[in-house]
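Listing of upload.pdb, PDB, C-alpha atoms
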```
ATOM      1  CA  MET A   1     -27.754 -13.498 -15.711
ATOM      2  CA  THR A   2     -26.961 -14.064 -19.388
ATOM      3  CA  GLY A   3     -23.743 -15.488 -20.785
ATOM      4  CA  ASP A   4     -22.753 -12.000 -21.929
ATOM      5  CA  ASP A   5     -22.847 -10.894 -18.291
ATOM      6  CA  VAL A   6     -20.282 -13.476 -17.183
ATOM      7  CA  ARG A   7     -16.718 -13.852 -18.440
ATOM      8  CA  THR A   8     -14.443 -16.688 -17.381
ATOM      9  CA  VAL A   9     -10.753 -16.025 -16.765
ATOM     10  CA  ARG A  10      -8.109 -18.706 -16.322
ATOM     11  CA  ALA A  11      -5.826 -18.206 -13.313
ATOM     12  CA  GLY A  12      -3.391 -21.040 -12.815
ATOM     13  CA  ARG A  13      -5.322 -24.212 -12.101
ATOM     14  CA  ARG A  14      -8.554 -22.334 -11.469
ATOM     15  CA  THR A  15     -11.136 -20.551 -13.566
ATOM     16  CA  VAL A  16     -12.641 -17.395 -12.099
ATOM     17  CA  GLU A  17     -15.989 -15.969 -13.165
ATOM     18  CA  VAL A  18     -16.135 -12.224 -13.756
ATOM     19  CA  HIS A  19     -19.698 -10.938 -13.468
ATOM     20  CA  ARG A  20     -20.796  -7.932 -15.502
ATOM     21  CA  PRO A  21     -17.311  -7.288 -16.954
ATOM     22  CA  ASP A  22     -18.583  -4.285 -18.931
ATOM     23  CA  LYS A  23     -19.752  -2.485 -15.799
ATOM     24  CA  VAL A  24     -18.044   0.904 -15.563
ATOM     25  CA  LEU A  25     -16.120   1.299 -12.300
ATOM     26  CA  PHE A  26     -14.096   4.374 -13.272
ATOM     27  CA  PRO A  27     -16.157   6.807 -15.379
ATOM     28  CA  GLY A  28     -14.366   8.811 -18.043
ATOM     29  CA  GLY A  29     -14.727  12.494 -18.785
ATOM     30  CA  ASP A  30     -13.188  15.811 -19.791
ATOM     31  CA  GLY A  31     -13.275  15.014 -23.507
ATOM     32  CA  ASP A  32     -10.295  13.958 -25.633
ATOM     33  CA  GLY A  33      -7.172  13.416 -23.590
ATOM     34  CA  GLY A  34      -9.099  13.558 -20.327
ATOM     35  CA  VAL A  35      -9.830  10.926 -17.698
ATOM     36  CA  LYS A  36     -10.164   7.479 -19.234
ATOM     37  CA  GLU A  37     -13.065   5.133 -18.517
ATOM     38  CA  TYR A  38     -12.319   1.691 -17.072
ATOM     39  CA  THR A  39     -14.642  -1.279 -16.560
ATOM     40  CA  LYS A  40     -14.580  -4.226 -14.195
ATOM     41  CA  GLY A  41     -13.129  -6.259 -17.051
ATOM     42  CA  ASP A  42     -10.294  -3.747 -17.342
ATOM     43  CA  LEU A  43      -9.663  -4.014 -13.594
ATOM     44  CA  VAL A  44      -9.511  -7.817 -13.789
ATOM     45  CA  ASP A  45      -7.180  -7.695 -16.801
ATOM     46  CA  TYR A  46      -4.855  -5.343 -14.949
ATOM     47  CA  TYR A  47      -4.721  -7.476 -11.811
ATOM     48  CA  ARG A  48      -4.126 -10.588 -13.890
ATOM     49  CA  SER A  49      -1.184  -8.918 -15.650
ATOM     50  CA  VAL A  50       0.356  -7.417 -12.514
ATOM     51  CA  ALA A  51      -0.151 -10.527 -10.345
ATOM     52  CA  PRO A  52       3.435 -11.869 -10.709
ATOM     53  CA  PHE A  53       4.779  -8.573  -9.358
ATOM     54  CA  MET A  54       2.047  -7.956  -6.786
ATOM     55  CA  LEU A  55       1.642 -11.373  -5.160
ATOM     56  CA  PRO A  56       5.015 -11.308  -3.338
ATOM     57  CA  HIS A  57       3.690  -8.271  -1.446
ATOM     58  CA  LEU A  58       0.394 -10.015  -0.655
ATOM     59  CA  ARG A  59       1.168 -13.601   0.307
ATOM     60  CA  ARG A  60       0.527 -14.588   3.925
ATOM     61  CA  ARG A  61      -0.666 -11.102   4.889
ATOM     62  CA  PRO A  62      -4.106 -10.365   6.384
ATOM     63  CA  LEU A  63      -6.035  -7.967   4.164
ATOM     64  CA  MET A  64      -8.626  -5.257   4.495
ATOM     65  CA  LEU A  65     -10.632  -4.840   1.297
ATOM     66  CA  GLU A  66     -11.896  -1.498   0.029
ATOM     67  CA  ARG A  67     -14.987  -2.389  -1.983
ATOM     68  CA  HIS A  68     -16.890  -0.184  -4.440
ATOM     69  CA  PRO A  69     -19.812  -2.268  -5.793
ATOM     70  CA  ASP A  70     -21.102   0.618  -7.935
ATOM     71  CA  GLY A  71     -17.731   2.034  -8.904
ATOM     72  CA  VAL A  72     -15.801   5.022  -7.595
ATOM     73  CA  THR A  73     -18.835   7.324  -7.730
ATOM     74  CA  GLY A  74     -20.965   5.044  -5.550
ATOM     75  CA  PRO A  75     -20.897   4.030  -1.901
ATOM     76  CA  THR A  76     -17.907   2.196  -0.477
ATOM     77  CA  PHE A  77     -17.257  -0.020   2.497
ATOM     78  CA  MET A  78     -14.207  -1.532   4.171
ATOM     79  CA  GLN A  79     -14.286  -5.307   4.638
ATOM     80  CA  LYS A  80     -12.199  -7.065   7.274
ATOM     81  CA  ASN A  81     -14.134 -10.278   7.940
ATOM     82  CA  THR A  82     -14.209 -12.833   5.135
ATOM     83  CA  PRO A  83     -17.825 -13.600   4.127
ATOM     84  CA  ASP A  84     -18.986 -17.224   4.406
ATOM     85  CA  SER A  85     -19.920 -17.027   0.718
ATOM     86  CA  TYR A  86     -16.265 -16.822  -0.392
ATOM     87  CA  PRO A  87     -14.978 -20.064  -1.981
ATOM     88  CA  GLU A  88     -13.254 -22.510   0.337
ATOM     89  CA  TRP A  89     -10.063 -22.349  -1.725
ATOM     90  CA  ILE A  90      -9.483 -18.742  -0.683
ATOM     91  CA  SER A  91      -7.049 -18.535   2.237
ATOM     92  CA  ARG A  92      -8.140 -17.017   5.537
ATOM     93  CA  VAL A  93      -6.520 -16.236   8.854
ATOM     94  CA  GLU A  94      -8.197 -15.625  12.208
ATOM     95  CA  VAL A  95      -6.364 -12.992  14.229
ATOM     96  CA  PRO A  96      -7.009 -11.627  17.712
ATOM     97  CA  LYS A  97      -8.712  -8.294  18.276
ATOM     98  CA  GLU A  98     -10.004  -6.622  21.406
ATOM     99  CA  GLY A  99     -12.928  -8.720  22.595
ATOM    100  CA  GLY A 100     -12.649 -11.437  19.967
ATOM    101  CA  THR A 101     -11.153 -12.321  16.612
ATOM    102  CA  VAL A 102     -11.368 -11.295  12.940
ATOM    103  CA  CYS A 103     -11.182 -13.727  10.013
ATOM    104  CA  HIS A 104      -9.203 -11.853   7.349
ATOM    105  CA  THR A 105      -8.887 -12.808   3.713
ATOM    106  CA  VAL A 106      -5.355 -13.697   2.564
ATOM    107  CA  CYS A 107      -4.440 -13.428  -1.122
ATOM    108  CA  ASP A 108      -1.908 -16.126  -1.953
ATOM    109  CA  ASP A 109      -2.538 -16.627  -5.668
ATOM    110  CA  THR A 110      -3.783 -15.037  -8.878
ATOM    111  CA  ALA A 111      -7.197 -16.715  -8.679
ATOM    112  CA  THR A 112      -7.891 -15.064  -5.317
ATOM    113  CA  LEU A 113      -6.746 -11.691  -6.642
ATOM    114  CA  LEU A 114      -9.148 -11.951  -9.594
ATOM    115  CA  TYR A 115     -11.989 -13.136  -7.379
ATOM    116  CA  LEU A 116     -11.522 -10.078  -5.171
ATOM    117  CA  ALA A 117     -11.504  -7.841  -8.269
ATOM    118  CA  ASP A 118     -14.805  -9.404  -9.328
ATOM    119  CA  GLN A 119     -16.123  -8.444  -5.888
ATOM    120  CA  ALA A 120     -15.232  -4.824  -6.776
ATOM    121  CA  SER A 121     -12.406  -4.803  -4.232
ATOM    122  CA  LEU A 122     -10.674  -1.957  -5.992
ATOM    123  CA  THR A 123      -8.014  -1.333  -3.352
ATOM    124  CA  LEU A 124      -6.281  -3.900  -1.159
ATOM    125  CA  HIS A 125      -4.834  -2.827   2.186
ATOM    126  CA  ARG A 126      -2.354  -5.201   3.852
ATOM    127  CA  TRP A 127      -0.996  -5.787   7.303
ATOM    128  CA  LEU A 128       2.718  -5.094   7.769
ATOM    129  CA  SER A 129       3.126  -8.532   9.356
ATOM    130  CA  ARG A 130       2.497 -12.055   8.113
ATOM    131  CA  VAL A 131       0.427 -15.070   9.072
ATOM    132  CA  GLY A 132       2.218 -16.982  11.822
ATOM    133  CA  SER A 133       3.845 -13.839  13.218
ATOM    134  CA  VAL A 134       1.112 -11.218  13.126
ATOM    135  CA  GLU A 135       2.498  -9.267  16.084
ATOM    136  CA  ARG A 136       5.937  -8.749  14.498
ATOM    137  CA  PRO A 137       6.025  -6.648  11.314
ATOM    138  CA  ASP A 138       8.560  -7.119   8.548
ATOM    139  CA  ARG A 139       7.822  -3.706   7.031
ATOM    140  CA  MET A 140       7.984  -0.172   8.446
ATOM    141  CA  VAL A 141       6.070   2.510   6.556
ATOM    142  CA  PHE A 142       6.338   6.294   6.510
ATOM    143  CA  ASP A 143       3.386   7.991   4.792
ATOM    144  CA  LEU A 144       4.272  11.420   3.387
ATOM    145  CA  ASP A 145       0.944  13.264   3.370
ATOM    146  CA  PRO A 146       0.969  16.827   1.976
ATOM    147  CA  ALA A 147      -1.262  19.598   3.277
ATOM    148  CA  GLY A 148      -2.791  20.102  -0.180
ATOM    149  CA  ASP A 149      -3.493  17.870  -3.154
ATOM    150  CA  ASP A 150      -1.351  20.051  -5.410
ATOM    151  CA  ASP A 151       1.653  20.311  -3.072
ATOM    152  CA  PHE A 152       3.799  17.491  -4.420
ATOM    153  CA  ALA A 153       6.919  19.644  -4.134
ATOM    154  CA  ALA A 154       6.659  19.225  -0.354
ATOM    155  CA  VAL A 155       6.379  15.452  -0.789
ATOM    156  CA  HIS A 156       9.437  15.429  -3.042
ATOM    157  CA  GLU A 157      11.496  17.358  -0.489
ATOM    158  CA  ALA A 158      10.348  15.246   2.458
ATOM    159  CA  ALA A 159      11.159  12.020   0.606
ATOM    160  CA  TRP A 160      14.736  13.112  -0.023
ATOM    161  CA  LEU A 161      15.173  14.237   3.584
ATOM    162  CA  LEU A 162      13.799  10.963   4.930
ATOM    163  CA  GLY A 163      15.808   8.883   2.487
ATOM    164  CA  GLU A 164      19.026  10.637   3.498
ATOM    165  CA  LEU A 165      18.285  10.078   7.193
ATOM    166  CA  LEU A 166      17.556   6.382   6.638
ATOM    167  CA  ASP A 167      20.814   6.086   4.701
ATOM    168  CA  GLU A 168      22.611   7.663   7.650
ATOM    169  CA  LEU A 169      21.004   5.059   9.898
ATOM    170  CA  LYS A 170      22.150   2.380   7.415
ATOM    171  CA  LEU A 171      18.600   1.178   6.748
ATOM    172  CA  PRO A 172      17.553   0.188   3.215
ATOM    173  CA  SER A 173      14.421   1.936   1.956
ATOM    174  CA  ALA A 174      12.098   1.913  -1.031
ATOM    175  CA  LEU A 175       9.721   4.469  -2.546
ATOM    176  CA  MET A 176       6.137   4.027  -3.700
ATOM    177  CA  THR A 177       3.548   6.418  -5.049
ATOM    178  CA  THR A 178       0.311   6.032  -3.112
ATOM    179  CA  GLY A 179      -1.937   6.628  -6.111
ATOM    180  CA  SER A 180      -3.671   9.252  -3.978
ATOM    181  CA  ARG A 181      -1.777  12.272  -2.543
ATOM    182  CA  GLY A 182       1.738  11.420  -1.479
ATOM    183  CA  LEU A 183       4.451   8.789  -1.261
ATOM    184  CA  HIS A 184       5.254   5.890   1.017
ATOM    185  CA  VAL A 185       8.809   5.218   2.143
ATOM    186  CA  ILE A 186       9.107   1.557   3.135
ATOM    187  CA  VAL A 187      11.841  -0.070   5.212
ATOM    188  CA  PRO A 188      12.203  -3.888   5.225
ATOM    189  CA  LEU A 189      12.642  -5.398   8.698
ATOM    190  CA  ASN A 190      13.745  -8.831   9.876
ATOM    191  CA  GLY A 191      10.450  -9.484  11.692
ATOM    192  CA  ARG A 192      11.962  -9.760  15.172
ATOM    193  CA  HIS A 193      10.552  -6.534  16.649
ATOM    194  CA  ASP A 194       6.986  -6.051  17.845
ATOM    195  CA  PHE A 195       4.739  -3.274  16.602
ATOM    196  CA  ASP A 196       5.253  -1.057  19.631
ATOM    197  CA  GLU A 197       9.020  -1.050  19.147
ATOM    198  CA  VAL A 198       8.735  -0.408  15.409
ATOM    199  CA  ARG A 199       6.270   2.442  15.847
ATOM    200  CA  ARG A 200       8.420   4.088  18.544
ATOM    201  CA  PHE A 201      11.413   3.918  16.238
ATOM    202  CA  ALA A 202       9.451   5.333  13.282
ATOM    203  CA  LYS A 203       8.118   8.142  15.503
ATOM    204  CA  ASP A 204      11.626   9.033  16.652
ATOM    205  CA  VAL A 205      12.849   9.109  13.046
ATOM    206  CA  ALA A 206       9.959  11.400  12.091
ATOM    207  CA  ASP A 207      10.498  13.629  15.145
ATOM    208  CA  THR A 208      14.185  13.954  14.249
ATOM    209  CA  LEU A 209      13.258  15.227  10.776
ATOM    210  CA  VAL A 210      10.627  17.592  12.178
ATOM    211  CA  ALA A 211      13.141  19.028  14.651
ATOM    212  CA  GLY A 212      15.343  20.020  11.733
ATOM    213  CA  HIS A 213      12.503  21.401   9.583
ATOM    214  CA  PRO A 214       9.702  22.484  11.941
ATOM    215  CA  ASP A 215       8.289  24.993   9.460
ATOM    216  CA  ARG A 216       7.798  22.368   6.744
ATOM    217  CA  LEU A 217       7.186  19.040   8.490
ATOM    218  CA  THR A 218       4.976  17.838  11.341
ATOM    219  CA  THR A 219       3.914  14.687  13.166
ATOM    220  CA  ALA A 220       0.687  16.283  14.425
ATOM    221  CA  ALA A 221      -2.119  13.761  13.967
ATOM    222  CA  ARG A 222      -4.869  16.413  13.986
ATOM    223  CA  LYS A 223      -5.272  18.280  10.708
ATOM    224  CA  LYS A 224      -6.023  21.537  12.494
ATOM    225  CA  ASP A 225      -2.576  21.380  14.118
ATOM    226  CA  ARG A 226      -0.647  20.862  10.873
ATOM    227  CA  GLY A 227      -1.226  24.124   9.066
ATOM    228  CA  ASP A 228       0.433  23.971   5.661
ATOM    229  CA  ARG A 229       3.121  21.503   6.779
ATOM    230  CA  LEU A 230       3.571  18.002   5.397
ATOM    231  CA  TYR A 231       2.425  15.266   7.778
ATOM    232  CA  LEU A 232       4.932  12.473   8.471
ATOM    233  CA  ASP A 233       2.467   9.721   9.337
ATOM    234  CA  VAL A 234       3.847   6.698  11.203
ATOM    235  CA  GLN A 235       0.527   5.473  12.598
ATOM    236  CA  ARG A 236       0.334   2.588  10.130
ATOM    237  CA  ASN A 237       3.091   0.884  12.129
ATOM    238  CA  GLY A 238       0.675  -0.585  14.651
ATOM    239  CA  TYR A 239      -1.020  -3.917  15.251
ATOM    240  CA  ALA A 240      -4.008  -4.393  12.900
ATOM    241  CA  GLN A 241      -3.177  -1.198  11.007
ATOM    242  CA  THR A 242      -2.824  -1.476   7.235
ATOM    243  CA  ALA A 243      -1.103   0.158   4.271
ATOM    244  CA  VAL A 244      -2.016   0.035   0.601
ATOM    245  CA  VAL A 245      -0.481  -2.902  -1.247
ATOM    246  CA  PRO A 246       2.144  -2.210  -3.918
ATOM    247  CA  PHE A 247       0.462  -2.219  -7.352
ATOM    248  CA  THR A 248      -3.057  -1.911  -5.944
ATOM    249  CA  VAL A 249      -5.559   0.329  -7.740
ATOM    250  CA  ARG A 250      -6.908   3.384  -5.943
ATOM    251  CA  ALA A 251     -10.526   4.500  -6.086
ATOM    252  CA  LYS A 252      -9.755   7.743  -7.906
ATOM    253  CA  PRO A 253     -10.615   9.026 -11.395
ATOM    254  CA  GLY A 254      -8.455   7.420 -14.061
ATOM    255  CA  ALA A 255      -7.657   4.334 -11.925
ATOM    256  CA  PRO A 256      -4.267   5.400 -10.500
ATOM    257  CA  VAL A 257      -2.060   2.713  -8.987
ATOM    258  CA  ALA A 258       0.121   2.652  -5.852
ATOM    259  CA  THR A 259       3.359   1.981  -7.691
ATOM    260  CA  PRO A 260       6.876   1.076  -6.538
ATOM    261  CA  MET A 261       9.537   3.347  -7.998
ATOM    262  CA  ALA A 262      13.306   3.726  -7.873
ATOM    263  CA  TRP A 263      14.874   6.551  -5.883
ATOM    264  CA  THR A 264      16.392   7.777  -9.165
ATOM    265  CA  GLN A 265      12.853   8.447 -10.435
ATOM    266  CA  LEU A 266      12.072  10.884  -7.635
ATOM    267  CA  ASP A 267      13.319  13.844  -9.660
ATOM    268  CA  ASP A 268      11.359  12.965 -12.821
ATOM    269  CA  PRO A 269       9.500  16.146 -13.894
ATOM    270  CA  GLY A 270       6.207  14.302 -14.464
ATOM    271  CA  LEU A 271       6.153  12.541 -11.104
ATOM    272  CA  ASP A 272       3.210  12.909  -8.754
ATOM    273  CA  ALA A 273       1.248  10.580  -6.498
ATOM    274  CA  ARG A 274      -0.933   9.405  -9.408
ATOM    275  CA  ARG A 275       1.845   9.112 -11.984
ATOM    276  CA  TRP A 276       0.975   5.494 -12.899
ATOM    277  CA  THR A 277      -2.440   4.008 -13.693
ATOM    278  CA  ILE A 278      -3.683   0.587 -14.722
ATOM    279  CA  ALA A 279      -2.640   1.582 -18.264
ATOM    280  CA  ASP A 280       1.111   1.656 -17.525
ATOM    281  CA  ALA A 281       1.816   0.329 -14.002
ATOM    282  CA  VAL A 282       2.706  -3.143 -15.330
ATOM    283  CA  GLU A 283       5.336  -1.588 -17.579
ATOM    284  CA  GLN A 284       6.824   0.126 -14.518
ATOM    285  CA  ALA A 285       6.686  -3.156 -12.573
ATOM    286  CA  ARG A 286       8.778  -4.891 -15.242
ATOM    287  CA  THR A 287      11.660  -2.490 -14.530
ATOM    288  CA  ASP A 288      12.020  -4.077 -11.056
ATOM    289  CA  PRO A 289      12.254  -0.654  -9.358
ATOM    290  CA  TRP A 290      12.960  -2.086  -5.893
ATOM    291  CA  ALA A 291      15.611  -4.519  -7.210
ATOM    292  CA  GLY A 292      15.728  -6.831  -4.190
ATOM    293  CA  VAL A 293      15.493  -4.136  -1.501
ATOM    294  CA  MET A 294      12.647  -5.934   0.260
ATOM    295  CA  ALA A 295      14.856  -8.993   0.795
ATOM    296  CA  LYS A 296      17.251  -6.929   2.943
ATOM    297  CA  GLY A 297      15.235  -6.967   6.158
ATOM    298  CA  ARG A 298      17.201  -5.416   9.011
ATOM    299  CA  ALA A 299      17.203  -5.449  12.786
ATOM    300  CA  LEU A 300      16.560  -2.066  14.380
ATOM    301  CA  GLY A 301      19.152  -2.365  17.157
ATOM    302  CA  PRO A 302      22.127  -0.844  15.285
ATOM    303  CA  ALA A 303      19.898   1.814  13.685
ATOM    304  CA  ARG A 304      18.444   2.666  17.103
ATOM    305  CA  ARG A 305      21.930   3.306  18.488
ATOM    306  CA  ARG A 306      22.766   5.568  15.550
ATOM    307  CA  LEU A 307      19.442   7.397  15.890
ATOM    308  CA  ASN A 308      19.919   7.904  19.638
ATOM    309  CA  ALA A 309      23.314   9.438  18.957
ATOM    310  CA  LEU A 310      21.766  11.830  16.442
ATOM    311  CA  MET A 311      19.009  12.773  18.859
ATOM    312  CA  ARG A 312      21.562  13.604  21.558
ATOM    313  CA  SER A 313      23.730  15.735  19.260
TER     314      SER A 313
END
```

Can I see the file as structure tokens?
Amino acid sequence: MTGDDVRTVRAGRRTVEVHRPDKVLFPGGDGDGGVKEYTKGDLVDYYRSVAPFMLPHLRRRPLMLERHPDGVTGPTFMQKNTPDSYPEWISRVEVPKEGGTVCHTVCDDTATLLYLADQASLTLHRWLSRVGSVERPDRMVFDLDPAGDDDFAAVHEAAWLLGELLDELKLPSALMTTGSRGLHVIVPLNGRHDFDEVRRFAKDVADTLVAGHPDRLTTAARKKDRGDRLYLDVQRNGYAQTAVVPFTVRAKPGAPVATPMAWTQLDDPGLDARRWTIADAVEQARTDPWAGVMAKGRALGPARRRLNALMRS
């Protein structure tokens, strides 16, 4: 490999090699004003710039890596186990699974983030719990998944309904575009409940919304049972399940980004699930759209009592 095929990038105390930085990962198209082309070098530059905002959502969390060695138009695979070839300075954690263990990669610093980008790990998926307490999540996630790619109006409505219910339960919540089809609504927890308890609570919240809007919302896991209703997905709230990391890139044309946003931005006319890309997600990050919400982790006991009262009424 020639020198032109390797670029070195400084990341803190380490230097990371980026191989074939001019390799196209996101092809362009549609002429002027259409989908923009992005290379591996562009991906690395984005992750380097967004690292200060992204790393707090990554540190001490087991990861699943969505890798696209030949870009978004080529084959993909999901990587849980950390290869032996990864540098020793990259953090790892061995966690139990049925019949054994899995050694997950953990991204604690910018150098690791850039190394993973060089490995064409376009999208990072994180556990909702942390190393040292993997069975007790500190995040609860509701995935608002519309029936059709062009039905963002249903996502918009469901987000407001869910946000209002969480407010009634006195739980803080934050919004994020997924960079794909819908939105995530994220609730910070204090990490004292196990996954089963968190998922039961999330399911009861979703069922309460569905009961009030059965023609528009559903918790049916099978697509054939949903019809044209929006799916309130709470299945990510389980042990070893993952959700996309805030500020991660999605493997879609134009390199959209899963981007945190303020609730006040929900009514912006140009909003959709792919509103931000690697071209402008850092600018959005600098606005601090979650403004400390994730530091307000709550216990579910008081909210459970309020929810039970609603369910009985």

TODO: Using all atoms listed in the file, determine which residues lie at most 12 Å from A:Lys36, disregarding the query and same-chain residues fewer than 2 positions distant; provide the list as a list in words.
DONE: Val24, Leu25, Phe26, Pro27, Gly28, Gly29, Asp30, Gly31, Asp32, Gly33, Gly34, Tyr38, Thr39, Asp42, Lys252, Pro253, Gly254, Ala255, Pro256, Thr277, Ile278 and Ala279 of chain A

TODO: List, as a PyMOL selection string, every residue that the PyMOL selection byres ((chain A and resi 132) around 10) selects in the file provided.
DONE: chain A and resi 60-61+93+95+129-131+133-136

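Once all atoms listed in the file are considered, the residues situated within 9 Å of the file point (18.8, -9.0, 5.5) turn out to be Pro188, Leu189, Asn190, Met294, Ala295, Lys296, Gly297, Arg298 and Ala299 of chain A.
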
Given 5 Å of margin on each side, can you work out the centre and size in Å (one decimal) of an axis-aligned box holding every listed atom of stretch 259-264 of chain A, as lines of an AutoDock Vina configuration file?
```
center_x = 9.9
center_y = 4.4
center_z = -7.5
size_x = 23.0
size_y = 16.7
size_z = 13.3
```

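When atom CA of A:Trp127 is paired with atom CA of A:Lys224, their separation reads 28.3 Å.
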
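Close contacts of A:Asn237, defined as residues with an atom at most 10 Å away when counting all atoms listed in the file, with chain neighbours fewer than 4 positions off set aside, comprise A:Trp127, A:Leu128, A:Ser129, A:Pro137, A:Arg139, A:Met140, A:Val141, A:Phe142, A:Asp194, A:Phe195, A:Asp196, A:Glu197, A:Val198, A:Arg199, A:Arg200, A:Phe201, A:Ala202, A:Lys203, A:Asp233, A:Gln241, A:Thr242, A:Ala243.
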
Can you sort out stretch 148-155 of chain A so it carries all heavy atoms, written as a tab-separated table (two decimals), in the frame of the given file?
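Okay, out_19.tsv is ready:
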```tsv
chain	number	residue	atom	x	y	z
A	148	GLY	N	-1.86	19.89	0.93
A	148	GLY	CA	-2.79	20.10	-0.18
A	148	GLY	C	-2.55	19.11	-1.29
A	148	GLY	O	-1.45	18.58	-1.46
A	149	ASP	N	-3.60	18.84	-2.07
A	149	ASP	CA	-3.49	17.87	-3.15
A	149	ASP	C	-2.48	18.28	-4.22
A	149	ASP	O	-1.93	17.42	-4.92
A	149	ASP	CB	-4.86	17.66	-3.82
A	149	ASP	CG	-5.83	16.93	-2.91
A	149	ASP	OD1	-5.38	16.34	-1.91
A	149	ASP	OD2	-7.04	16.94	-3.20
A	150	ASP	N	-2.24	19.57	-4.36
A	150	ASP	CA	-1.35	20.05	-5.41
A	150	ASP	C	0.04	20.42	-4.88
A	150	ASP	O	0.80	21.12	-5.55
A	150	ASP	CB	-1.98	21.26	-6.11
A	150	ASP	CG	-2.28	22.41	-5.16
A	150	ASP	OD1	-2.17	22.20	-3.93
A	150	ASP	OD2	-2.63	23.50	-5.64
A	151	ASP	N	0.39	19.93	-3.69
A	151	ASP	CA	1.65	20.31	-3.07
A	151	ASP	C	2.64	19.15	-3.12
A	151	ASP	O	3.19	18.73	-2.09
A	151	ASP	CB	1.42	20.76	-1.63
A	151	ASP	CG	2.64	21.44	-1.02
A	151	ASP	OD1	3.56	21.79	-1.79
A	151	ASP	OD2	2.69	21.59	0.21
A	152	PHE	N	2.89	18.62	-4.33
A	152	PHE	CA	3.80	17.49	-4.42
A	152	PHE	C	5.25	17.91	-4.22
A	152	PHE	O	6.09	17.07	-3.89
A	152	PHE	CB	3.64	16.77	-5.76
A	152	PHE	CG	4.23	15.39	-5.75
A	152	PHE	CD1	3.56	14.35	-5.13
A	152	PHE	CD2	5.46	15.13	-6.33
A	152	PHE	CE1	4.11	13.07	-5.08
A	152	PHE	CE2	6.02	13.86	-6.31
A	152	PHE	CZ	5.34	12.83	-5.67
A	153	ALA	N	5.56	19.18	-4.39
A	153	ALA	CA	6.92	19.64	-4.13
A	153	ALA	C	7.32	19.36	-2.69
A	153	ALA	O	8.47	19.00	-2.41
A	153	ALA	CB	7.04	21.14	-4.44
A	154	ALA	N	6.37	19.51	-1.76
A	154	ALA	CA	6.66	19.23	-0.35
A	154	ALA	C	6.91	17.73	-0.14
A	154	ALA	O	7.75	17.35	0.68
A	154	ALA	CB	5.50	19.70	0.52
A	155	VAL	N	6.18	16.90	-0.87
A	155	VAL	CA	6.38	15.45	-0.79
A	155	VAL	C	7.76	15.09	-1.30
A	155	VAL	O	8.49	14.28	-0.71
A	155	VAL	CB	5.29	14.71	-1.59
A	155	VAL	CG1	5.51	13.20	-1.53
A	155	VAL	CG2	3.90	15.07	-1.07
```
